[in-house]
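**Student:** Encoded as structure tokens, here's the structure I'll be asking about.
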There are 6 protein chains.
Amino acid sequence: MPSLLYVTRRAHFSAAHRLFNPSFSDRENEAVFDKCASVNGHGHNYYIEVTVAGEPDPRTGYVMDLKKLKAIIDEHVIAHVDHKHLNMDVEFLRGIIPTAENIAVACWNQLEPHILNGHLYAVRLYETEQNFAEYKGEHS
Amino acid sequence: MPSLLYVTRRAHFSAAHRLFNPSFSDRENEAVFDKCASVNGHGHNYYIEVTVAGEPDPRTGYVMDLKKLKAIIDEHVIAHVDHKHLNMDVEFLRGIIPTAENIAVACWNQLEPHILNGHLYAVRLYETEQNFAEYKGEHS
Amino acid sequence: MPSLLYVTRRAHFSAAHRLFNPSFSDRENEAVFDKCASVNGHGHNYYIEVTVAGEPDPRTGYVMDLKKLKAIIDEHVIAHVDHKHLNMDVEFLRGIIPTAENIAVACWNQLEPHILNGHLYAVRLYETEQNFAEYKGEHS
Amino acid sequence: MPSLLYVTRRAHFSAAHRLFNPSFSDRENEAVFDKCASVNGHGHNYYIEVTVAGEPDPRTGYVMDLKKLKAIIDEHVIAHVDHKHLNMDVEFLRGIIPTAENIAVACWNQLEPHILNGHLYAVRLYETEQNFAEYKGEHS
Amino acid sequence: MPSLLYVTRRAHFSAAHRLFNPSFSDRENEAVFDKCASVNGHGHNYYIEVTVAGEPDPRTGYVMDLKKLKAIIDEHVIAHVDHKHLNMDVEFLRGIIPTAENIAVACWNQLEPHILNGHLYAVRLYETEQNFAEYKGEHS
Amino acid sequence: MPSLLYVTRRAHFSAAHRLFNPSFSDRENEAVFDKCASVNGHGHNYYIEVTVAGEPDPRTGYVMDLKKLKAIIDEHVIAHVDHKHLNMDVEFLRGIIPTAENIAVACWNQLEPHILNGHLYAVRLYETEQNFAEYKGEHS
């Protein structure tokens, strides 16, 4: 009866964003998003932690080679968002308010089809050391 | 079918405490709590991580504005415990041995009634970088 | 109805390891494990986080005294692996490819019989700040 | 003969920036600044460490009350840069390419006139965990 | 011509303290020390970094064995302050207002006579992640 | 009169090492190096911080492009030591006992000829979070 393990890889990107809803008035955006709605945007050093669950392959001891998981994160997330403006430059965030919550879900959708050993279990997105959001593919 | 997300805010307070049970003899307290029972108390830089679960509001992308969660933590936890002695100065810890476990439960009780968007999912209390306790509102 | 808490202790060890399967050819080992198969081995500052779940004892406020959990981790894990080569020096890793996954399961097996207050809930093993594996005693 | 001490306060801000020289062509900017010249900007969680040198006052034990140093940093740096775009929104960075080096010098100039107990010794500016610049008021 | 190196060892202690000057009135203490003067004290997880400068011994490659430096710090600092109240329990802090500055100088005086290979170069004392003081044996 | 700045880049490598002097007896090696002399070696996640001092170029705001400093560190240090055994695999450490002190000096010698903007100011080598050595090109 094989053991179930959770393996996690952490990666980093630096990006600008601005929180606002284009259907809100300026006053509403400032009331809701406060300083995060600052007109010219601001930015963060984001960290993403991607967790894959599965059984270790008895021949390698790997649920999944974390160097390969790193390559998948680099190709499908980091290459699109690093040193970019999340509201303007990122195809997979088009039309989405780039809160930590929405970025986490969008990264899940980018990554999930490419996890072939085990299955994607969680995406955790740190906006700062004080704030983070986690998505586990659940629906309420 | 909306996604379920977990958002977390981390906050900090510095406090003194002493671990002892007033119904124990000095010898029993020292046997049980060792150096943590040191008579004049000691202290820590505590970190609290508060996690709220819920669906992001489609108009804002927020499960809950983490600036508002910060304000709730500040009002109902930090203002009571920061730069205080946990055995002597804190109404909501009255009569409680201030272990990490008991502080985590007491902070849960302070915070839970004020979480109106989503629901409180976890309170994690770091006493040091090596020691922490987590409470998820569960009962055994 | 007593509360269920999760308490965690973090510990550290420095060790060498090499990832390779002795039944593979050199070429296969390099194809699978890449630079981790480097012949003379490499090493890490490992961190282990051990989580115990249970009810706090009302007389002490402890699920389990974390100083005692530290002593158990020191005796059954750290004393065996710190400043050692994980492929050659460690009885409880004999015959195991020392991936983070396999080390986490082996540490679980070392620790589980000694947790008498509450029960062992999780072992998380950090190989670097970017890579970690977690085992919760589950089987798939 | 009083002792000379160095006291440091660390603060944080999140901001967007873009590295480019308006007198360069687009091609030159990309050649020099690479991904940091990305047209819509990117951003960071910046940390600033401000060090003041002086003798502790024998009546207080303080070179300078670090809560007052925090207030000075908040008023003269953080209030101007937090949740802002460093190329567009910040008066004291007007006309300056916002590299870590130039931001550090500009923050020194903002802070230096307000340090009245002891003297400003160093400003260290972290752009990421991997990159930082330090200025000590020296000239070559 | 031998090289000059700086080697540093980091150690930790948890302690309570209260900032107040017994020759001040309560009102003066509160005006000067604010929340740090809270009557029952508060506390911190302190970190101390001790730096020794010298030439590596060509037979060992060590300026000084950092395990020996650890033992000196443990005996002359940590054993006196860990899990103690710095205003009441510590002989070497008797009569001293326990600011980060004064603790750093007092630790220097505790350690300096015991550094026999190389010489003590710096003592850095972190009160929190945001606040620290450093002493290098200098006088103004 | 141009300002003098210090810019630092941090990099990482994982390696095995063993501390022993081949001209010592086994007993002497164990007496001097203790657990660090463990026969099969152990290992660390090393961090290196490389600091370059100089004037920012007024056209770029850079003392030195830290992406270029990263490339130099990668080519002349990381490529040689990452996932290697420092006693056996590294040409530039041949015949050197791989203490933090000796590695820091050897990395200085690897890097110094390649720093053409500004000059190399310091190499800091972290063996663990508790132990590090720094070299500034000084001689005693």
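Ordering of the structure tokens sets the chain letters (A, B, ...); residue numbers start at 1 within each chain; ligands are numbered from 1 in the order shown.
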Using only C-alpha atoms, find the residues of chain B whose closest atom to chain C is at most 6 Å away, then write them as a PyMOL selection string.
**Tutor:** chain B and resi 99+130-135+138-140
**Student:** Using only C-alpha atoms, determine which residues lie at most 10 Å from Asn109 of chain D, disregarding the query and same-chain residues fewer than 4 positions distant; provide the list as a count of residues only.
**Tutor:** 8
**Student:** Would you list, as an MDAnalysis selection string, the residues of chain E that end up in strand (DSSP E or B) under DSSP run on this structure's backbone?
**Tutor:** chainID E and resid 3:17 42:54 84:85 119:126 131:139
**Student:** Just to confirm, what's the straight-line distance from atom CA of Leu86 of chain D to atom CA of His17 of chain D in Å (one decimal)?
**Tutor:**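 If I compute the distance from atom CA of Leu86 of chain D to atom CA of His17 of chain D, I get 5.1 Å.
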**Student:** Could you give me the residues within chain A that DSSP places in alpha helix (DSSP H), as a PyMOL selection string?
**Tutor:** chain A and resi 26-33+66-73+79-81+100-111
**Student:** Go ahead and save the picked residues with N, CA, C and O atoms, as a tab-separated table (two decimals), in the first residue's frame.
**Tutor:**
```
chain	number	residue	atom	x	y	z
A	26	ASP	N	-14.03	55.96	-10.09
A	26	ASP	CA	-12.78	56.17	-9.37
A	26	ASP	C	-13.02	56.16	-7.86
A	26	ASP	O	-12.25	55.60	-7.09
A	27	ARG	N	-14.11	56.81	-7.46
A	27	ARG	CA	-14.40	56.88	-6.02
A	27	ARG	C	-14.66	55.50	-5.43
A	27	ARG	O	-14.17	55.17	-4.36
A	28	GLU	N	-15.44	54.68	-6.18
A	28	GLU	CA	-15.69	53.31	-5.70
A	28	GLU	C	-14.38	52.51	-5.62
A	28	GLU	O	-14.14	51.80	-4.65
A	29	ASN	N	-13.55	52.63	-6.66
A	29	ASN	CA	-12.29	51.89	-6.64
A	29	ASN	C	-11.44	52.29	-5.44
A	29	ASN	O	-10.86	51.43	-4.76
A	30	GLU	N	-11.41	53.59	-5.15
A	30	GLU	CA	-10.60	54.02	-4.01
A	30	GLU	C	-11.22	53.55	-2.70
A	30	GLU	O	-10.53	53.16	-1.77
A	31	ALA	N	-12.56	53.58	-2.64
A	31	ALA	CA	-13.23	53.11	-1.41
A	31	ALA	C	-12.96	51.62	-1.18
A	31	ALA	O	-12.72	51.19	-0.05
A	32	VAL	N	-12.99	50.83	-2.26
A	32	VAL	CA	-12.83	49.38	-2.11
A	32	VAL	C	-11.36	49.00	-1.97
A	32	VAL	O	-10.98	48.21	-1.11
A	33	PHE	N	-10.51	49.54	-2.84
A	33	PHE	CA	-9.14	49.04	-2.94
A	33	PHE	C	-8.12	49.95	-2.27
A	33	PHE	O	-6.95	49.59	-2.17
A	66	LEU	N	11.46	17.53	-8.77
A	66	LEU	CA	11.15	18.95	-8.54
A	66	LEU	C	11.88	19.85	-9.51
A	66	LEU	O	11.46	21.00	-9.72
A	67	LYS	N	12.93	19.37	-10.14
A	67	LYS	CA	13.56	20.15	-11.22
A	67	LYS	C	12.62	20.25	-12.42
A	67	LYS	O	12.57	21.27	-13.09
A	68	LYS	N	11.87	19.17	-12.66
A	68	LYS	CA	10.87	19.22	-13.75
A	68	LYS	C	9.68	20.10	-13.35
A	68	LYS	O	9.13	20.82	-14.19
A	69	LEU	N	9.28	20.02	-12.09
A	69	LEU	CA	8.20	20.91	-11.65
A	69	LEU	C	8.64	22.37	-11.79
A	69	LEU	O	7.89	23.23	-12.25
A	70	LYS	N	9.90	22.64	-11.42
A	70	LYS	CA	10.45	23.99	-11.61
A	70	LYS	C	10.36	24.41	-13.08
A	70	LYS	O	9.96	25.54	-13.40
A	71	ALA	N	10.72	23.51	-13.98
A	71	ALA	CA	10.68	23.84	-15.41
A	71	ALA	C	9.26	24.16	-15.87
A	71	ALA	O	9.03	25.08	-16.66
A	72	ILE	N	8.28	23.40	-15.36
A	72	ILE	CA	6.87	23.65	-15.71
A	72	ILE	C	6.42	25.00	-15.16
A	72	ILE	O	5.74	25.77	-15.86
A	73	ILE	N	6.78	25.29	-13.90
A	73	ILE	CA	6.41	26.59	-13.32
A	73	ILE	C	7.07	27.72	-14.11
A	73	ILE	O	6.45	28.74	-14.42
A	79	ALA	N	7.68	32.77	-16.82
A	79	ALA	CA	8.02	33.42	-18.09
A	79	ALA	C	6.96	34.45	-18.50
A	79	ALA	O	7.25	35.40	-19.22
A	80	HIS	N	5.73	34.26	-18.03
A	80	HIS	CA	4.64	35.17	-18.40
A	80	HIS	C	4.53	36.39	-17.47
A	80	HIS	O	3.99	37.41	-17.87
A	81	VAL	N	4.97	36.25	-16.23
A	81	VAL	CA	4.67	37.29	-15.23
A	81	VAL	C	5.90	38.01	-14.68
A	81	VAL	O	5.77	39.12	-14.14
A	100	ALA	N	-4.36	38.47	-5.01
A	100	ALA	CA	-3.65	37.21	-4.73
A	100	ALA	C	-4.56	36.02	-5.00
A	100	ALA	O	-4.13	34.99	-5.56
A	101	GLU	N	-5.85	36.14	-4.65
A	101	GLU	CA	-6.79	35.05	-4.88
A	101	GLU	C	-6.90	34.71	-6.36
A	101	GLU	O	-6.78	33.54	-6.76
A	102	ASN	N	-7.14	35.74	-7.17
A	102	ASN	CA	-7.34	35.49	-8.60
A	102	ASN	C	-6.06	35.02	-9.28
A	102	ASN	O	-6.12	34.19	-10.20
A	103	ILE	N	-4.91	35.54	-8.86
A	103	ILE	CA	-3.65	35.06	-9.44
A	103	ILE	C	-3.44	33.58	-9.11
A	103	ILE	O	-3.02	32.79	-9.95
A	104	ALA	N	-3.76	33.19	-7.86
A	104	ALA	CA	-3.57	31.79	-7.46
A	104	ALA	C	-4.42	30.85	-8.33
A	104	ALA	O	-3.92	29.82	-8.80
A	105	VAL	N	-5.67	31.21	-8.55
A	105	VAL	CA	-6.54	30.37	-9.38
A	105	VAL	C	-6.02	30.33	-10.82
A	105	VAL	O	-5.97	29.26	-11.45
A	106	ALA	N	-5.61	31.48	-11.33
A	106	ALA	CA	-5.12	31.52	-12.72
A	106	ALA	C	-3.85	30.69	-12.87
A	106	ALA	O	-3.67	30.00	-13.89
A	107	CYS	N	-2.96	30.72	-11.87
A	107	CYS	CA	-1.74	29.90	-11.94
A	107	CYS	C	-2.10	28.42	-11.87
A	107	CYS	O	-1.50	27.59	-12.57
A	108	TRP	N	-3.08	28.07	-11.02
A	108	TRP	CA	-3.56	26.67	-10.99
A	108	TRP	C	-3.98	26.23	-12.39
A	108	TRP	O	-3.57	25.15	-12.85
A	109	ASN	N	-4.75	27.06	-13.06
A	109	ASN	CA	-5.23	26.69	-14.39
A	109	ASN	C	-4.09	26.57	-15.40
A	109	ASN	O	-4.16	25.74	-16.31
A	110	GLN	N	-3.07	27.40	-15.23
A	110	GLN	CA	-1.90	27.29	-16.10
A	110	GLN	C	-1.13	25.99	-15.88
A	110	GLN	O	-0.58	25.42	-16.81
A	111	LEU	N	-1.07	25.57	-14.61
A	111	LEU	CA	-0.17	24.46	-14.25
A	111	LEU	C	-0.85	23.09	-14.35
A	111	LEU	O	-0.20	22.11	-14.72
```
**Student:** What gap, in Å, lies between atom CA of Met88 of chain A and atom CA of Cys36 of chain D?
**Tutor:**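 These two atoms are separated by 15.7 Å.
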**Student:** Please measure the separation of atom CA of His42 of chain A and atom CA of Glu129 of chain E, giving the value in Å to one decimal.
**Tutor:**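 These atoms are spaced 24.3 Å apart.
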